[in-house]
Amino acid sequence: MNGFTITKSCALQMDHEDPLRGFGRRFYIPQNTIYMDGNSLGLLPRAAETSLLHTLNEWKTLGIRGWLDGEPPWFYLAERLGAMAAPLVGAAPEEVIATGTTTVNIHALISSFYQPQGKKRKIIADELDFPTDIYAIKSQLALRGMDAHTDLELIPSADGRCLDEERIIACMNEETALVFLPSVLYRSGQLLDLARLVRAAHDRGIPIGFDCAHSAGAVPHHFDQWGVDFAVWCGYKYLNGGPGCCAFLYVNRNYFALQPMLSGWFGNVKERQFDMRLDFEPQHSAGGWQISSPGILGSSTLLGALGIHAEAGMEAIRSKSLLLTSYFIYLADQLLAEAPYSFRIGTPREPQRRGGHIALEREEEAWRICEALKVRGVVPDFRPPNIIRIAPVALYNTFAEVWRVVQHLREIMDREEYKKFSQQRKAIS
Ligand SMILES: *Cc1c(COP(=O)(O)O)cnc(C)c1O
């Protein structure tokens, strides 16, 4: 498989041949750490630090003049960042805006795209969704006086890990008003076939949107080509914008005339925003879905961070990401599958069905093993009931690190090191 071997020299050889090998130096890597959690919080790029300090200095020296005299002017920062993010998802610049946060953007878009009529009133989502997506959908239904028991259809998973596109499509019918799904499932790491789902939804006249929090920056998308109607994703995972930094939304240009339903003054046409009229005049672009003053400090990190993606290129990032995860799967099969290790891969093995992270499962003790990894300087994360998520990120992780993580896991099991840890999970795992 891929010509991998279990020797360390194989890893070193792949690092040597890695076209992205210089990119790791552009990040602050926590000392003595193998960081495998970039799907939860990306590391700080040096360029993001520079762009944040630049903006901070503009505030220091320009005060309110920064809105027009900053470089770029703060008044247009959200549009600028949207244009920078657009190529990552295959969109035109005016179809993407940096705004809000992922959950707020889900609310903002579903409130516009969900237009129940007669018996066409159901929203299709899935039972493996990230909880916030479901909370948002349920409250959107409640706001309309509708009932999640009858109007929300959660596609079940046969194995608790993956979804079957066939099954999702079979549920799209004349009662479906909207489909909202993840691109990559946050636990198993399955990548759905977005193009196929869009075709099926549109064949039935149903609008479809995606939460791409776990794919943007790791997996290339072609929203325009596929005809995706809308999408959201966050800036702090594979895009390395920093904890809680602003998120993104995409609206296909076919919907620029749609009314934003969570309106705010930053969605107004910019030329007339400061006329302060009481009639909202939405921008004819994704920008119309902005609500409030953009968090300039919290989004300026992305000016530096997104430049790195542009330079590396999404195709190169995806190629390396797949090689890293394929290598991890290979090593896990060779070295971690048998008892007493007894780990299992919960992520689809076909590369085209995989996002950027691997779900390493173990029937027993996954939580304590995860704790033991952390003490050894490896940063994965844990998702109940039994999943250790490992995200080797193309921009800053190496094949040698993947190799090392597998050795750590073997040693932890050989020495029963995990037994030293409490069974009690912490607030953030
Ligand atoms: C990380 C993540 C979120 C986070 O939402 P916030 O509003 O930024 O807290 C939402 N959905 C998915 C699928 C995610 O992976």
# chains A, B, ... in the order shown; residues from 1 in each chain; ligands from 1
call {"tool": "residues_around", "arguments": {"residues": "A:Asp133", "least_positions_apart": "6", "cutoff": "10 Å", "atoms": "only C-alpha atoms", "output": "list in words"}}
result
Thr102, Thr103, Val104, Ile106, His107, Ala125, Asp126, Phe180, Leu181, Pro182 and Asp211 of chain A
call {"tool": "write_last_selection", "arguments": {"atoms": "C-alpha atoms", "output": "mmCIF file, in the first residue's frame"}}
result
data_model
loop_
_atom_site.group_PDB
_atom_site.id
_atom_site.type_symbol
_atom_site.label_atom_id
_atom_site.label_comp_id
_atom_site.auth_asym_id
_atom_site.auth_seq_id
_atom_site.Cartn_x
_atom_site.Cartn_y
_atom_site.Cartn_z
ATOM 1 C CA THR A 102 -20.116 29.238 12.590
ATOM 2 C CA THR A 103 -23.243 28.776 14.683
ATOM 3 C CA VAL A 104 -24.409 32.353 14.150
ATOM 4 C CA ILE A 106 -25.931 28.740 10.425
ATOM 5 C CA HIS A 107 -28.740 30.733 11.999
ATOM 6 C CA ALA A 125 -29.841 16.783 8.780
ATOM 7 C CA ASP A 126 -28.164 13.730 10.308
ATOM 8 C CA PHE A 180 -28.188 20.911 5.737
ATOM 9 C CA LEU A 181 -25.261 18.521 6.195
ATOM 10 C CA PRO A 182 -21.610 18.480 7.226
ATOM 11 C CA ASP A 211 -21.192 22.995 7.375
#
call {"tool": "residues_around", "arguments": {"residues": "A:Asn32", "least_positions_apart": "5", "cutoff": "10 Å", "atoms": "only C-alpha atoms", "output": "PDB file with all heavy atoms, in the first residue's frame"}}
result
ATOM      1  N   ARG A 376       2.921  12.528  27.186  1.00  0.00           N
ATOM      2  CA  ARG A 376       4.100  12.284  26.348  1.00  0.00           C
ATOM      3  C   ARG A 376       4.308  13.381  25.304  1.00  0.00           C
ATOM      4  O   ARG A 376       5.128  13.235  24.405  1.00  0.00           O
ATOM      5  CB  ARG A 376       3.953  10.931  25.649  1.00  0.00           C
ATOM      6  CG  ARG A 376       4.280   9.752  26.560  1.00  0.00           C
ATOM      7  CD  ARG A 376       3.884   8.452  25.894  1.00  0.00           C
ATOM      8  NE  ARG A 376       4.461   7.301  26.576  1.00  0.00           N
ATOM      9  CZ  ARG A 376       5.548   6.658  26.162  1.00  0.00           C
ATOM     10  NH1 ARG A 376       6.160   7.019  25.061  1.00  0.00           N
ATOM     11  NH2 ARG A 376       6.014   5.633  26.840  1.00  0.00           N
ATOM     12  N   GLY A 377       3.539  14.449  25.397  1.00  0.00           N
ATOM     13  CA  GLY A 377       3.766  15.572  24.493  1.00  0.00           C
ATOM     14  C   GLY A 377       3.029  15.479  23.167  1.00  0.00           C
ATOM     15  O   GLY A 377       3.279  16.253  22.256  1.00  0.00           O
ATOM     16  N   VAL A 378       2.104  14.515  23.062  1.00  0.00           N
ATOM     17  CA  VAL A 378       1.296  14.428  21.848  1.00  0.00           C
ATOM     18  C   VAL A 378      -0.053  15.092  22.147  1.00  0.00           C
ATOM     19  O   VAL A 378      -0.644  14.837  23.192  1.00  0.00           O
ATOM     20  CB  VAL A 378       1.063  12.963  21.429  1.00  0.00           C
ATOM     21  CG1 VAL A 378       0.192  12.891  20.179  1.00  0.00           C
ATOM     22  CG2 VAL A 378       2.400  12.265  21.213  1.00  0.00           C
TER      23      VAL A 378
END
call {"tool": "residues_near_ligand", "arguments": {"ligand": "ligand 1", "cutoff": "10 Å", "atoms": "only C-alpha atoms and all ligand atoms", "output": "PyMOL selection string"}}
result
chain A and resi 39-41+100-106+128-134+136+181-187+210-215+232-237+243-248
call {"tool": "residues_around", "arguments": {"residues": "A:Ser292", "least_positions_apart": "5", "cutoff": "10 Å", "atoms": "only C-alpha atoms", "output": "compact mmCIF listing (two decimals) with N, CA and C atoms, in the first residue's frame"}}
result
# COMPACT_ATOMS: atom_id res chain seq x y z
N THR A 99 -17.41 36.61 8.58
CA THR A 99 -18.36 37.24 9.51
C THR A 99 -18.78 36.27 10.60
N GLY A 100 -19.20 36.84 11.70
CA GLY A 100 -19.83 36.06 12.77
C GLY A 100 -19.01 34.87 13.23
N SER A 263 -31.15 40.38 9.96
CA SER A 263 -30.49 41.56 9.40
C SER A 263 -29.78 42.41 10.45
N GLY A 264 -28.71 43.03 10.00
CA GLY A 264 -28.00 44.01 10.80
C GLY A 264 -27.33 45.02 9.88
N TRP A 265 -26.89 46.11 10.46
CA TRP A 265 -26.46 47.23 9.62
C TRP A 265 -25.22 46.96 8.79
N PHE A 266 -24.40 45.95 9.19
CA PHE A 266 -23.22 45.68 8.37
C PHE A 266 -23.54 44.88 7.11
N GLY A 267 -24.80 44.42 7.02
CA GLY A 267 -25.21 43.77 5.78
C GLY A 267 -25.75 44.77 4.76
call {"tool": "residues_around", "arguments": {"residues": "stretch 301-308 of chain A", "least_positions_apart": "4", "cutoff": "10 Å", "atoms": "only C-alpha atoms", "output": "PyMOL selection string"}}
result
chain A and resi 23+26-27+43-55+72+77+80-81+84-85+88+98+217+235-236+238-242+245-247+296-297+312-313+395
call {"tool": "write_last_selection", "arguments": {"atoms": "N, CA, C and O atoms", "output": "compact mmCIF listing (two decimals), in the first residue's frame"}}
result
# COMPACT_ATOMS: atom_id res chain seq x y z
N PHE A 23 6.98 24.70 5.09
CA PHE A 23 5.88 25.49 5.66
C PHE A 23 5.78 25.39 7.19
O PHE A 23 5.26 26.29 7.83
N ARG A 26 6.81 28.28 9.39
CA ARG A 26 6.00 29.51 9.44
C ARG A 26 5.01 29.50 10.59
O ARG A 26 4.20 30.41 10.73
N PHE A 27 5.06 28.45 11.40
CA PHE A 27 4.13 28.33 12.52
C PHE A 27 4.88 28.28 13.83
O PHE A 27 6.02 27.83 13.88
N LEU A 43 -2.63 25.91 14.75
CA LEU A 43 -1.54 26.62 15.42
C LEU A 43 -1.38 28.04 14.86
O LEU A 43 -1.89 28.36 13.79
N LEU A 44 -0.65 28.84 15.62
CA LEU A 44 -0.45 30.24 15.25
C LEU A 44 0.60 30.39 14.14
O LEU A 44 1.77 30.07 14.35
N PRO A 45 0.19 30.90 12.98
CA PRO A 45 1.18 31.22 11.95
C PRO A 45 1.90 32.53 12.32
O PRO A 45 1.27 33.46 12.83
N ARG A 46 3.19 32.57 12.05
CA ARG A 46 3.92 33.82 12.31
C ARG A 46 3.28 34.98 11.58
O ARG A 46 3.19 36.10 12.09
N ALA A 47 2.80 34.72 10.37
CA ALA A 47 2.18 35.79 9.57
C ALA A 47 0.89 36.29 10.21
O ALA A 47 0.51 37.44 10.03
N ALA A 48 0.20 35.42 10.96
CA ALA A 48 -1.03 35.84 11.64
C ALA A 48 -0.68 36.74 12.81
O ALA A 48 -1.38 37.72 13.10
N GLU A 49 0.41 36.41 13.48
CA GLU A 49 0.87 37.29 14.56
C GLU A 49 1.22 38.66 13.99
O GLU A 49 0.83 39.70 14.54
N THR A 50 1.91 38.68 12.87
CA THR A 50 2.31 39.95 12.25
C THR A 50 1.08 40.77 11.85
O THR A 50 1.02 41.97 12.11
N SER A 51 0.10 40.11 11.23
CA SER A 51 -1.06 40.89 10.77
C SER A 51 -1.90 41.37 11.94
O SER A 51 -2.46 42.47 11.90
N LEU A 52 -1.96 40.59 13.01
CA LEU A 52 -2.69 41.05 14.20
C LEU A 52 -1.99 42.27 14.82
O LEU A 52 -2.62 43.27 15.15
N LEU A 53 -0.67 42.18 14.96
CA LEU A 53 0.08 43.30 15.56
C LEU A 53 -0.03 44.55 14.68
O LEU A 53 -0.10 45.67 15.18
N HIS A 54 -0.05 44.32 13.38
CA HIS A 54 -0.21 45.43 12.43
C HIS A 54 -1.55 46.16 12.69
O HIS A 54 -1.60 47.38 12.78
N THR A 55 -2.60 45.37 12.85
CA THR A 55 -3.91 45.97 13.08
C THR A 55 -3.98 46.65 14.45
O THR A 55 -4.55 47.73 14.60
N PRO A 72 -5.47 46.58 5.12
CA PRO A 72 -6.60 47.15 4.39
C PRO A 72 -7.54 47.92 5.33
O PRO A 72 -7.53 47.67 6.54
N LEU A 77 -12.51 44.93 5.54
CA LEU A 77 -11.72 43.75 5.91
C LEU A 77 -12.49 42.45 5.69
O LEU A 77 -11.95 41.47 5.18
N ARG A 80 -12.45 41.63 2.11
CA ARG A 80 -11.09 41.22 1.71
C ARG A 80 -10.83 39.76 2.12
O ARG A 80 -10.32 38.96 1.34
N LEU A 81 -11.19 39.43 3.36
CA LEU A 81 -10.94 38.06 3.84
C LEU A 81 -11.82 37.06 3.09
O LEU A 81 -11.40 35.94 2.81
N MET A 84 -10.15 36.33 -0.05
CA MET A 84 -8.98 35.46 0.14
C MET A 84 -9.41 34.01 0.36
O MET A 84 -8.73 33.07 -0.04
N ALA A 85 -10.53 33.81 1.04
CA ALA A 85 -10.98 32.45 1.35
C ALA A 85 -11.70 31.80 0.16
O ALA A 85 -11.79 30.58 0.07
N LEU A 88 -10.36 28.78 -1.80
CA LEU A 88 -10.24 27.52 -1.05
C LEU A 88 -11.50 26.67 -1.21
O LEU A 88 -11.47 25.46 -1.01
N ALA A 98 -16.26 37.03 5.47
CA ALA A 98 -15.80 36.66 6.81
C ALA A 98 -16.71 37.36 7.79
O ALA A 98 -16.78 38.60 7.79
N GLY A 217 -9.96 24.40 4.25
CA GLY A 217 -8.53 24.52 4.52
C GLY A 217 -7.79 23.20 4.49
O GLY A 217 -6.56 23.17 4.46
N GLY A 235 -12.97 29.80 11.17
CA GLY A 235 -11.63 30.28 10.81
C GLY A 235 -10.54 29.73 11.70
O GLY A 235 -9.36 29.96 11.44
N TYR A 236 -10.91 29.02 12.76
CA TYR A 236 -9.88 28.67 13.75
C TYR A 236 -9.40 27.22 13.68
O TYR A 236 -8.55 26.82 14.45
N TYR A 238 -8.66 24.41 10.45
CA TYR A 238 -7.57 24.28 9.47
C TYR A 238 -7.13 25.62 8.90
O TYR A 238 -6.15 25.68 8.16
N LEU A 239 -7.86 26.70 9.20
CA LEU A 239 -7.46 28.00 8.64
C LEU A 239 -6.59 28.82 9.60
O LEU A 239 -6.12 29.90 9.24
N ASN A 240 -6.42 28.35 10.81
CA ASN A 240 -5.40 28.89 11.72
C ASN A 240 -5.60 30.36 12.08
O ASN A 240 -4.63 31.10 12.27
N GLY A 241 -6.86 30.78 12.23
CA GLY A 241 -7.13 32.18 12.56
C GLY A 241 -7.10 32.49 14.05
O GLY A 241 -7.15 33.66 14.44
N GLY A 242 -7.01 31.47 14.90
CA GLY A 242 -6.95 31.70 16.35
C GLY A 242 -8.27 31.43 17.03
O GLY A 242 -9.33 31.52 16.42
N CYS A 245 -11.90 33.00 16.46
CA CYS A 245 -11.82 34.07 15.45
C CYS A 245 -13.03 34.00 14.53
O CYS A 245 -13.81 33.06 14.57
N CYS A 246 -13.19 34.99 13.70
CA CYS A 246 -14.41 35.06 12.92
C CYS A 246 -14.50 33.90 11.93
O CYS A 246 -13.50 33.27 11.58
N ALA A 247 -15.71 33.64 11.49
CA ALA A 247 -15.99 32.51 10.62
C ALA A 247 -16.34 33.03 9.22
O ALA A 247 -16.23 34.23 8.95
N ILE A 296 -12.58 43.33 14.31
CA ILE A 296 -11.39 43.60 13.49
C ILE A 296 -10.15 42.90 14.06
O ILE A 296 -9.37 42.29 13.31
N LEU A 297 -9.97 42.95 15.38
CA LEU A 297 -8.79 42.29 15.95
C LEU A 297 -8.88 40.78 15.75
O LEU A 297 -7.92 40.13 15.36
N ALA A 312 0.69 27.84 -0.49
CA ALA A 312 0.89 26.39 -0.56
C ALA A 312 -0.01 25.76 -1.63
O ALA A 312 0.40 24.83 -2.33
N GLY A 313 -1.22 26.28 -1.77
CA GLY A 313 -2.17 25.74 -2.75
C GLY A 313 -2.97 24.59 -2.16
O GLY A 313 -2.42 23.68 -1.54
N LEU A 395 0.20 21.52 6.62
CA LEU A 395 1.07 22.69 6.64
C LEU A 395 2.15 22.61 7.71
O LEU A 395 3.18 23.26 7.58
call {"tool": "residues_around", "arguments": {"residues": "A:Arg21", "least_positions_apart": "2", "cutoff": "10 Å", "atoms": "only C-alpha atoms", "output": "list in words"}}
result
Met14, Asp15, His16, Glu17, Asp18, Pro19, Phe23, Gly24, Arg25, Lys320, Ala394, Leu395, Tyr396, Asn397 and Thr398 of chain A
call {"tool": "atom_distance", "arguments": {"atom1": "atom CA of A:Thr325", "atom2": "atom CA of A:Val219"}}
result
12.8 Å
call {"tool": "select_by_dssp", "arguments": {"residues": "stretch 227-332 of chain A", "states": "helix (DSSP H, G or I)", "output": "PyMOL selection string"}}
result
chain A and resi 253-255+265-267+270-273+286-289+296-312+314-332
call {"tool": "select_by_dssp", "arguments": {"residues": "stretch 25-197 of chain A", "states": "strand (DSSP E)", "output": "list in words"}}
result
Ile34, Tyr35, Val96, Ile97, Ala98, Thr99, Lys122, Ile123, Ile124, Ala125, Asp126, Leu152, Glu153, Leu154, Ile155, Thr176, Ala177, Leu178, Val179, Phe180, Leu181 and Pro182 of chain A
call {"tool": "write_last_selection", "arguments": {"atoms": "N, CA, C and O atoms", "output": "compact mmCIF listing (two decimals), in the first residue's frame"}}
result
# COMPACT_ATOMS: atom_id res chain seq x y z
N ILE A 34 4.10 17.19 19.82
CA ILE A 34 3.62 16.74 18.51
C ILE A 34 2.15 17.13 18.47
O ILE A 34 1.31 16.55 19.17
N TYR A 35 1.85 18.16 17.69
CA TYR A 35 0.52 18.74 17.70
C TYR A 35 -0.34 18.08 16.64
O TYR A 35 -0.09 18.23 15.46
N VAL A 96 -18.31 34.97 -0.78
CA VAL A 96 -17.82 34.58 0.54
C VAL A 96 -17.57 35.83 1.37
O VAL A 96 -17.05 36.82 0.88
N ILE A 97 -17.97 35.75 2.63
CA ILE A 97 -17.71 36.87 3.54
C ILE A 97 -17.20 36.31 4.87
O ILE A 97 -17.64 35.23 5.28
N ALA A 98 -16.26 37.03 5.47
CA ALA A 98 -15.80 36.66 6.81
C ALA A 98 -16.71 37.36 7.79
O ALA A 98 -16.78 38.60 7.79
N THR A 99 -17.41 36.61 8.58
CA THR A 99 -18.36 37.24 9.51
C THR A 99 -18.78 36.27 10.60
O THR A 99 -18.71 35.05 10.43
N LYS A 122 -39.98 19.92 5.82
CA LYS A 122 -38.95 19.22 6.61
C LYS A 122 -37.54 19.72 6.32
O LYS A 122 -37.20 20.02 5.18
N ILE A 123 -36.73 19.74 7.37
CA ILE A 123 -35.29 19.96 7.20
C ILE A 123 -34.61 18.61 7.39
O ILE A 123 -34.89 17.89 8.35
N ILE A 124 -33.74 18.27 6.45
CA ILE A 124 -32.95 17.03 6.58
C ILE A 124 -31.57 17.38 7.13
O ILE A 124 -30.87 18.25 6.60
N ALA A 125 -31.20 16.71 8.24
CA ALA A 125 -29.84 16.78 8.78
C ALA A 125 -29.47 15.34 9.13
O ALA A 125 -30.06 14.42 8.56
N ASP A 126 -28.52 15.12 10.02
CA ASP A 126 -28.16 13.73 10.31
C ASP A 126 -27.83 13.55 11.77
O ASP A 126 -27.49 14.52 12.45
N LEU A 152 -38.01 17.92 11.55
CA LEU A 152 -36.57 17.68 11.41
C LEU A 152 -36.36 16.19 11.20
O LEU A 152 -36.78 15.37 12.01
N GLU A 153 -35.71 15.86 10.10
CA GLU A 153 -35.44 14.44 9.83
C GLU A 153 -33.94 14.21 9.95
O GLU A 153 -33.16 14.74 9.15
N LEU A 154 -33.55 13.43 10.96
CA LEU A 154 -32.12 13.15 11.15
C LEU A 154 -31.79 11.82 10.49
O LEU A 154 -32.25 10.76 10.93
N ILE A 155 -30.98 11.88 9.45
CA ILE A 155 -30.60 10.65 8.76
C ILE A 155 -29.79 9.79 9.71
O ILE A 155 -28.80 10.25 10.28
N THR A 176 -39.49 17.69 1.71
CA THR A 176 -38.23 18.30 2.16
C THR A 176 -38.13 19.75 1.70
O THR A 176 -38.20 20.04 0.51
N ALA A 177 -37.93 20.64 2.67
CA ALA A 177 -37.80 22.06 2.33
C ALA A 177 -36.34 22.48 2.28
O ALA A 177 -36.00 23.47 1.63
N LEU A 178 -35.47 21.75 2.99
CA LEU A 178 -34.06 22.16 3.08
C LEU A 178 -33.21 20.97 3.52
O LEU A 178 -33.66 20.15 4.32
N VAL A 179 -31.99 20.88 2.98
CA VAL A 179 -31.02 19.88 3.44
C VAL A 179 -29.81 20.64 3.97
O VAL A 179 -29.30 21.55 3.31
N PHE A 180 -29.39 20.28 5.18
CA PHE A 180 -28.19 20.91 5.74
C PHE A 180 -27.32 19.82 6.36
O PHE A 180 -27.72 19.15 7.30
N LEU A 181 -26.12 19.64 5.80
CA LEU A 181 -25.26 18.52 6.20
C LEU A 181 -23.82 18.98 6.40
O LEU A 181 -23.42 20.02 5.86
N PRO A 182 -23.04 18.18 7.12
CA PRO A 182 -21.61 18.48 7.23
C PRO A 182 -20.87 17.99 5.98
O PRO A 182 -21.34 17.07 5.30
call {"tool": "closest_residue", "arguments": {"among": "A:Trp289, A:Arg353, A:Asp229, A:Met314", "to": "A:Glu165", "atoms": "only C-alpha atoms"}}
result
A:Arg353
call {"tool": "residues_around", "arguments": {"residues": "A:Leu194", "least_positions_apart": "2", "cutoff": "10 Å", "atoms": "only C-alpha atoms", "output": "compact mmCIF listing (two decimals) with N, CA and C atoms, in the first residue's frame"}}
result
# COMPACT_ATOMS: atom_id res chain seq x y z
N GLU A 165 -24.58 8.18 1.49
CA GLU A 165 -25.19 9.20 0.63
C GLU A 165 -26.49 8.69 0.01
N LEU A 181 -26.12 19.64 5.80
CA LEU A 181 -25.26 18.52 6.20
C LEU A 181 -23.82 18.98 6.40
N PRO A 182 -23.04 18.18 7.12
CA PRO A 182 -21.61 18.48 7.23
C PRO A 182 -20.87 17.99 5.98
N SER A 183 -19.74 18.60 5.68
CA SER A 183 -18.88 18.09 4.60
C SER A 183 -18.08 16.91 5.14
N VAL A 184 -17.43 17.13 6.26
CA VAL A 184 -16.66 16.08 6.94
C VAL A 184 -17.25 15.88 8.33
N LEU A 191 -15.70 12.10 4.66
CA LEU A 191 -16.00 13.20 3.74
C LEU A 191 -17.17 12.77 2.87
N LEU A 192 -18.25 13.56 2.91
CA LEU A 192 -19.40 13.22 2.07
C LEU A 192 -19.16 13.67 0.63
N ARG A 196 -22.48 15.04 -5.45
CA ARG A 196 -23.59 14.11 -5.67
C ARG A 196 -24.83 14.52 -4.86
N LEU A 197 -24.61 14.96 -3.63
CA LEU A 197 -25.75 15.36 -2.80
C LEU A 197 -26.43 16.61 -3.37
N VAL A 198 -25.62 17.53 -3.89
CA VAL A 198 -26.19 18.74 -4.49
C VAL A 198 -27.03 18.36 -5.71
N ARG A 199 -26.49 17.50 -6.55
CA ARG A 199 -27.25 17.08 -7.75
C ARG A 199 -28.59 16.48 -7.35
N ALA A 200 -28.54 15.59 -6.38
CA ALA A 200 -29.77 14.90 -5.97
C ALA A 200 -30.79 15.88 -5.40
N ILE A 208 -29.76 23.17 -0.72
CA ILE A 208 -28.87 22.38 0.14
C ILE A 208 -27.67 23.21 0.57
N GLY A 209 -27.34 23.12 1.86
CA GLY A 209 -26.19 23.83 2.41
C GLY A 209 -25.32 22.90 3.21
N PHE A 210 -24.08 23.34 3.47
CA PHE A 210 -23.12 22.49 4.17
C PHE A 210 -22.38 23.24 5.26
N HIS A 221 -12.75 22.48 -2.12
CA HIS A 221 -14.15 22.39 -2.52
C HIS A 221 -14.35 23.17 -3.81
N HIS A 222 -15.44 22.85 -4.51
CA HIS A 222 -15.77 23.55 -5.76
C HIS A 222 -17.24 23.94 -5.71
N PHE A 223 -17.55 24.82 -4.78
CA PHE A 223 -18.95 25.16 -4.52
C PHE A 223 -19.68 25.65 -5.77
N TRP A 226 -20.18 22.83 -8.29
CA TRP A 226 -21.16 21.85 -7.81
C TRP A 226 -22.55 22.44 -7.66
N GLY A 227 -22.63 23.76 -7.57
CA GLY A 227 -23.93 24.41 -7.39
C GLY A 227 -24.42 24.42 -5.96
N VAL A 228 -23.49 24.33 -5.00
CA VAL A 228 -23.87 24.42 -3.58
C VAL A 228 -24.65 25.72 -3.37
call {"tool": "atom_distance", "arguments": {"atom1": "atom CA of A:Ile317", "atom2": "atom CA of A:Gln407"}}
result
25.2 Å
call {"tool": "closest_residue", "arguments": {"among": "A:Ser112, A:Leu324, A:Arg161, A:Gly22", "to": "A:Gln140", "atoms": "only C-alpha atoms"}}
result
A:Ser112
call {"tool": "closest_residue", "arguments": {"among": "A:Glu363, A:Ala148, A:Ile428, A:Ala78", "to": "A:Ala339", "atoms": "only C-alpha atoms"}}
result
A:Glu363
call {"tool": "closest_residue", "arguments": {"among": "A:Ala201, A:Phe399, A:Arg144, A:Phe382", "to": "A:Cys171", "atoms": "only C-alpha atoms"}}
result
A:Ala201
call {"tool": "residues_around", "arguments": {"residues": "A:Phe75", "least_positions_apart": "3", "cutoff": "9 Å", "atoms": "only C-alpha atoms", "output": "ChimeraX atom specification"}}
result
/A:66-68,70,72,78-79,270,293-294
call {"tool": "write_last_selection", "arguments": {"atoms": "C-alpha atoms", "output": "short mmCIF file (atom, residue, chain, number, x, y, z; two decimals), in the first residue's frame"}}
result
data_model
loop_
_atom_site.label_atom_id
_atom_site.label_comp_id
_atom_site.auth_asym_id
_atom_site.auth_seq_id
_atom_site.Cartn_x
_atom_site.Cartn_y
_atom_site.Cartn_z
CA GLY A 66 -8.54 52.86 10.84
CA TRP A 67 -11.98 52.12 9.39
CA LEU A 68 -10.97 53.87 6.18
CA GLY A 70 -6.14 51.05 7.75
CA PRO A 72 -6.60 47.15 4.39
CA ALA A 78 -14.57 41.20 5.91
CA GLU A 79 -14.87 41.46 2.12
CA LYS A 270 -21.79 49.89 2.09
CA SER A 293 -19.49 45.45 13.24
CA PRO A 294 -16.82 42.93 12.35
#
call {"tool": "closest_residue", "arguments": {"among": "A:Gly298, A:Pro351, A:Leu323, A:Ile110", "to": "A:Val251", "atoms": "only C-alpha atoms"}}
result
A:Ile110
